[in-house]
Amino acid sequence: MSVTGSTLVLAAPPAPPLPDRAPPRPRPRPQGPYRRLFALPGTRGFTAGNLLARLPMGMFGVSAVMMIAGQRGSYALAGAVTATGMAATALVAPWTARLVDRYGQARIAVPATLVAVLGSLSLIACVRTGAPAWTLFASYAATATTPNIGGMSRARWTYLLRGSPDAHHTAMSFEQAADELCYMLGPVLAAFLCSVVLPEAGTLTAAALLLTGMLVFTSCRATQPPVSAGPRRGSPLRALAPLLPLFLATGVVFGSMEIASIAHLADLGLGAASGPVLALQAAGSCAAGLLYGTLRPRGLRTCLVAMAAAMALPWLAAITGSLLPLAAALLLAGMATAPTMVTAMSRVHALTPEGRLNEGMTLAVTAILAGIALGAAAAGTLVDRLGPAPAYALPAAAALAALAASKVVPVSGTREAP
């Protein structure tokens with residue numbers, strides 16, 4: 001308080017200094033769907049083993065053909081041996097998957113993998129020593145015990161993400177992208193090893209990767225789906241019967257597209273340079289699979305309509321006789337397959353009876369493999385009789401057949417999808 005002239009002035013005491021305020025903390029950025037997926041405990045470990053064991057799936061066939069043809073001088077023998085192995089896989093794989101569902105992944109997958117690895121080593125020994133041809137067939141048939149690593153990995157995601165449909169969709173999209181990546185890189189690696197290192201190097205490397213990856217995968221016990229002790233009801237084959245023709249037709253798309261593209265690129269004079277062009281289809285599918293995992297899932301028929309439209313593009317591009325339109329068409333065709341496969345596999349999850357998921361997944365894969373073999377044989381016949389460009393009509397027709405087959409697929413399954 002002070003007096004100024006005749007005026008009394010009341011002065012407030014000086015305000016205390018304001019305390020220093022801490023700078024505002026930046027808000028954490030929201031995690032992407034894949035970052036959230038692999039933040040779950042144990043997922044990175046079994047995924048690493050899964051990728052190691054899955055890469056050989058794209059190596060064994062190419063390695064066997066190059067090794068047998070190089071040592072025995074017969075592509076006919078090499079093709080017959082690998083075809084026999086595929087037929088044996090179609091018979092044995094569902095039984096192996098049934099044992100995995102019944103007794104657990106680690107208990108069955110490791111000994112089954114050991115049998116497959118021994119079959120690969122026996123094939124190398126028989127080829128090197130000039131053993132009779134029947135020993136090659138018997139050795140390669142033994143590799144049919146190879147467990148369906150993709151199915152076991154998908155079963156783990158289903159167990160971990162039960163009750164989280166969006167995260168499960170992301171996981172299934174990742175698995176489809178991993179399939180495409182391994183089937184794209186596997187043949188390239190196998191061809192390099194067999195041609196540059198040794199004819200046997202591709203098979204040896206594939207066997208080592210398969211065993212190492214399976215041991216890493218099965219060592220992650222915390223993420224392994226538990227084995228149900230209750231009665232096992234329902235037949236996966238009966239439950240998936242409406243879906244299997246769709247997977248068969250999709251396999252025809254894959255097998256016929258590959259043969260038609262190889263023949264057409266050879267006609268264009270690309271030779272060894274055709275590899276990168278062929279890889280565009282798998283690269284497009286891999287990229288589309290990863291992108292699809294971040295989006296809302298679409299209906300199965302919507303995906304099949306898009307795939308049917310995309311499969312007509314290589315046929316139209318081949319008619320032009322130009323490489324650039326064909327390369328673009330293969331890329332777009334590949335981008336249409338991943339959403340279809342992810343959505344179709346989600347129907348497998350919904351339709352397969354409880355406790356039989358690995359068997360159901362293996363039945364779907366077996367139908368795809370049968371379609372690939374059928375499509376490759378049919379496309380080869382068309383190429384010989386009509387030429388490469390008309391052979392592109394086969395994958396377009398097969399895509400339409402898959403669309404027609406989807407009409408009998410039930411909208412809801414025997415159990416709820418995770």
# chains A, B, ... in the order shown; residues from 1 in each chain; ligands from 1
call {"tool": "residues_around", "arguments": {"residues": "Ala90 in chain A", "least_positions_apart": "2", "cutoff": "10 Å", "atoms": "only C-alpha atoms", "output": "MDAnalysis selection string"}}
result
chainID A and resid 84:88 92:95 144 362:363 365:370
call {"tool": "residues_around", "arguments": {"residues": "Phe46 in chain A", "least_positions_apart": "6", "cutoff": "8 Å", "atoms": "only C-alpha atoms", "output": "ChimeraX atom specification"}}
result
/A:153,216-218,220,223
call {"tool": "residues_around", "arguments": {"residues": "Gly255 in chain A", "least_positions_apart": "3", "cutoff": "9 Å", "atoms": "only C-alpha atoms", "output": "count of residues only"}}
result
17
call {"tool": "select_by_dssp", "arguments": {"residues": "range 61-238 of chain A", "states": "helix (DSSP H, G or I)", "output": "PyMOL selection string"}}
result
chain A and resi 61-72+75-103+105-129+133-145+149-160+165-197+201-219+221-223+236-238
call {"tool": "residues_around", "arguments": {"residues": "Leu330 in chain A", "least_positions_apart": "4", "cutoff": "7 Å", "atoms": "only C-alpha atoms", "output": "ChimeraX atom specification"}}
result
/A:280-281,314,326,334
call {"tool": "write_last_selection", "arguments": {"atoms": "C-alpha atoms", "output": "mmCIF file, in the first residue's frame"}}
result
data_model
loop_
_atom_site.group_PDB
_atom_site.id
_atom_site.type_symbol
_atom_site.label_atom_id
_atom_site.label_comp_id
_atom_site.auth_asym_id
_atom_site.auth_seq_id
_atom_site.Cartn_x
_atom_site.Cartn_y
_atom_site.Cartn_z
ATOM 1 C CA LEU A 280 6.060 -60.797 -61.503
ATOM 2 C CA GLN A 281 2.945 -62.865 -60.880
ATOM 3 C CA PRO A 314 -2.543 -62.233 -69.933
ATOM 4 C CA LEU A 326 2.319 -59.320 -70.850
ATOM 5 C CA GLY A 334 -0.956 -62.104 -59.460
#
call {"tool": "atom_distance", "arguments": {"atom1": "CA of Ala327 in chain A", "atom2": "CA of Ala288 in chain A"}}
result
16.3 Å
call {"tool": "decode", "arguments": {"residues": "range 288-321 of chain A", "atoms": "N, CA and C atoms", "output": "PDB file, in the first residue's frame"}}
result
ATOM      1  N   ALA A 288       0.029 -57.809 -52.927  1.00  0.00           N
ATOM      2  CA  ALA A 288      -1.407 -57.673 -52.708  1.00  0.00           C
ATOM      3  C   ALA A 288      -1.843 -58.361 -51.426  1.00  0.00           C
ATOM      4  N   GLY A 289      -1.193 -59.485 -51.090  1.00  0.00           N
ATOM      5  CA  GLY A 289      -1.531 -60.175 -49.852  1.00  0.00           C
ATOM      6  C   GLY A 289      -1.232 -59.323 -48.633  1.00  0.00           C
ATOM      7  N   LEU A 290      -0.050 -58.675 -48.620  1.00  0.00           N
ATOM      8  CA  LEU A 290       0.297 -57.812 -47.498  1.00  0.00           C
ATOM      9  C   LEU A 290      -0.650 -56.613 -47.410  1.00  0.00           C
ATOM     10  N   LEU A 291      -1.001 -56.030 -48.560  1.00  0.00           N
ATOM     11  CA  LEU A 291      -1.919 -54.893 -48.552  1.00  0.00           C
ATOM     12  C   LEU A 291      -3.309 -55.322 -48.099  1.00  0.00           C
ATOM     13  N   TYR A 292      -3.748 -56.466 -48.551  1.00  0.00           N
ATOM     14  CA  TYR A 292      -5.087 -56.956 -48.201  1.00  0.00           C
ATOM     15  C   TYR A 292      -5.223 -57.163 -46.691  1.00  0.00           C
ATOM     16  N   GLY A 293      -4.108 -57.489 -46.027  1.00  0.00           N
ATOM     17  CA  GLY A 293      -4.148 -57.681 -44.577  1.00  0.00           C
ATOM     18  C   GLY A 293      -4.432 -56.408 -43.812  1.00  0.00           C
ATOM     19  N   THR A 294      -4.261 -55.263 -44.436  1.00  0.00           N
ATOM     20  CA  THR A 294      -4.537 -53.980 -43.770  1.00  0.00           C
ATOM     21  C   THR A 294      -5.925 -53.455 -44.101  1.00  0.00           C
ATOM     22  N   LEU A 295      -6.656 -54.158 -44.961  1.00  0.00           N
ATOM     23  CA  LEU A 295      -7.966 -53.696 -45.409  1.00  0.00           C
ATOM     24  C   LEU A 295      -9.066 -54.584 -44.857  1.00  0.00           C
ATOM     25  N   ARG A 296     -10.285 -54.106 -45.006  1.00  0.00           N
ATOM     26  CA  ARG A 296     -11.432 -54.908 -44.586  1.00  0.00           C
ATOM     27  C   ARG A 296     -11.591 -56.076 -45.554  1.00  0.00           C
ATOM     28  N   PRO A 297     -11.777 -57.309 -45.046  1.00  0.00           N
ATOM     29  CA  PRO A 297     -11.908 -58.458 -45.944  1.00  0.00           C
ATOM     30  C   PRO A 297     -13.148 -58.355 -46.825  1.00  0.00           C
ATOM     31  N   ARG A 298     -13.040 -58.863 -48.032  1.00  0.00           N
ATOM     32  CA  ARG A 298     -14.145 -58.847 -48.985  1.00  0.00           C
ATOM     33  C   ARG A 298     -14.794 -60.231 -49.037  1.00  0.00           C
ATOM     34  N   GLY A 299     -15.934 -60.286 -49.693  1.00  0.00           N
ATOM     35  CA  GLY A 299     -16.614 -61.561 -49.868  1.00  0.00           C
ATOM     36  C   GLY A 299     -15.884 -62.445 -50.862  1.00  0.00           C
ATOM     37  N   LEU A 300     -16.106 -63.747 -50.745  1.00  0.00           N
ATOM     38  CA  LEU A 300     -15.407 -64.698 -51.605  1.00  0.00           C
ATOM     39  C   LEU A 300     -15.788 -64.495 -53.064  1.00  0.00           C
ATOM     40  N   ARG A 301     -17.048 -64.303 -53.344  1.00  0.00           N
ATOM     41  CA  ARG A 301     -17.469 -64.138 -54.738  1.00  0.00           C
ATOM     42  C   ARG A 301     -16.910 -62.854 -55.335  1.00  0.00           C
ATOM     43  N   THR A 302     -16.817 -61.803 -54.538  1.00  0.00           N
ATOM     44  CA  THR A 302     -16.221 -60.560 -55.031  1.00  0.00           C
ATOM     45  C   THR A 302     -14.776 -60.781 -55.450  1.00  0.00           C
ATOM     46  N   CYS A 303     -14.016 -61.501 -54.612  1.00  0.00           N
ATOM     47  CA  CYS A 303     -12.611 -61.793 -54.946  1.00  0.00           C
ATOM     48  C   CYS A 303     -12.507 -62.668 -56.187  1.00  0.00           C
ATOM     49  N   LEU A 304     -13.410 -63.631 -56.329  1.00  0.00           N
ATOM     50  CA  LEU A 304     -13.364 -64.521 -57.486  1.00  0.00           C
ATOM     51  C   LEU A 304     -13.733 -63.785 -58.775  1.00  0.00           C
ATOM     52  N   VAL A 305     -14.665 -62.861 -58.686  1.00  0.00           N
ATOM     53  CA  VAL A 305     -14.998 -62.057 -59.874  1.00  0.00           C
ATOM     54  C   VAL A 305     -13.778 -61.247 -60.314  1.00  0.00           C
ATOM     55  N   ALA A 306     -13.087 -60.639 -59.344  1.00  0.00           N
ATOM     56  CA  ALA A 306     -11.885 -59.870 -59.681  1.00  0.00           C
ATOM     57  C   ALA A 306     -10.809 -60.767 -60.280  1.00  0.00           C
ATOM     58  N   MET A 307     -10.648 -61.981 -59.740  1.00  0.00           N
ATOM     59  CA  MET A 307      -9.635 -62.893 -60.272  1.00  0.00           C
ATOM     60  C   MET A 307     -10.000 -63.344 -61.689  1.00  0.00           C
ATOM     61  N   ALA A 308     -11.277 -63.628 -61.932  1.00  0.00           N
ATOM     62  CA  ALA A 308     -11.695 -64.046 -63.268  1.00  0.00           C
ATOM     63  C   ALA A 308     -11.436 -62.950 -64.288  1.00  0.00           C
ATOM     64  N   ALA A 309     -11.677 -61.711 -63.900  1.00  0.00           N
ATOM     65  CA  ALA A 309     -11.410 -60.596 -64.819  1.00  0.00           C
ATOM     66  C   ALA A 309      -9.914 -60.436 -65.060  1.00  0.00           C
ATOM     67  N   ALA A 310      -9.126 -60.584 -64.002  1.00  0.00           N
ATOM     68  CA  ALA A 310      -7.674 -60.393 -64.136  1.00  0.00           C
ATOM     69  C   ALA A 310      -7.031 -61.503 -64.959  1.00  0.00           C
ATOM     70  N   MET A 311      -7.564 -62.719 -64.898  1.00  0.00           N
ATOM     71  CA  MET A 311      -6.965 -63.825 -65.633  1.00  0.00           C
ATOM     72  C   MET A 311      -7.173 -63.720 -67.134  1.00  0.00           C
ATOM     73  N   ALA A 312      -8.087 -62.864 -67.551  1.00  0.00           N
ATOM     74  CA  ALA A 312      -8.246 -62.642 -68.994  1.00  0.00           C
ATOM     75  C   ALA A 312      -7.186 -61.698 -69.541  1.00  0.00           C
ATOM     76  N   LEU A 313      -6.520 -60.948 -68.666  1.00  0.00           N
ATOM     77  CA  LEU A 313      -5.551 -59.956 -69.131  1.00  0.00           C
ATOM     78  C   LEU A 313      -4.324 -60.593 -69.806  1.00  0.00           C
ATOM     79  N   PRO A 314      -3.689 -61.636 -69.225  1.00  0.00           N
ATOM     80  CA  PRO A 314      -2.543 -62.233 -69.933  1.00  0.00           C
ATOM     81  C   PRO A 314      -2.920 -62.787 -71.302  1.00  0.00           C
ATOM     82  N   TRP A 315      -4.122 -63.321 -71.419  1.00  0.00           N
ATOM     83  CA  TRP A 315      -4.582 -63.844 -72.711  1.00  0.00           C
ATOM     84  C   TRP A 315      -4.636 -62.720 -73.743  1.00  0.00           C
ATOM     85  N   LEU A 316      -5.227 -61.598 -73.355  1.00  0.00           N
ATOM     86  CA  LEU A 316      -5.297 -60.460 -74.273  1.00  0.00           C
ATOM     87  C   LEU A 316      -3.913 -59.895 -74.582  1.00  0.00           C
ATOM     88  N   ALA A 317      -3.038 -59.853 -73.546  1.00  0.00           N
ATOM     89  CA  ALA A 317      -1.694 -59.314 -73.755  1.00  0.00           C
ATOM     90  C   ALA A 317      -0.867 -60.224 -74.664  1.00  0.00           C
ATOM     91  N   ALA A 318      -1.057 -61.531 -74.541  1.00  0.00           N
ATOM     92  CA  ALA A 318      -0.285 -62.464 -75.362  1.00  0.00           C
ATOM     93  C   ALA A 318      -0.624 -62.317 -76.836  1.00  0.00           C
ATOM     94  N   ILE A 319      -1.856 -61.955 -77.121  1.00  0.00           N
ATOM     95  CA  ILE A 319      -2.260 -61.794 -78.521  1.00  0.00           C
ATOM     96  C   ILE A 319      -1.482 -60.667 -79.190  1.00  0.00           C
ATOM     97  N   THR A 320      -1.088 -59.650 -78.401  1.00  0.00           N
ATOM     98  CA  THR A 320      -0.350 -58.523 -78.977  1.00  0.00           C
ATOM     99  C   THR A 320       1.062 -58.919 -79.378  1.00  0.00           C
ATOM    100  N   GLY A 321       1.600 -59.988 -78.770  1.00  0.00           N
ATOM    101  CA  GLY A 321       2.960 -60.408 -79.076  1.00  0.00           C
ATOM    102  C   GLY A 321       4.026 -59.517 -78.500  1.00  0.00           C
TER     103      GLY A 321
END
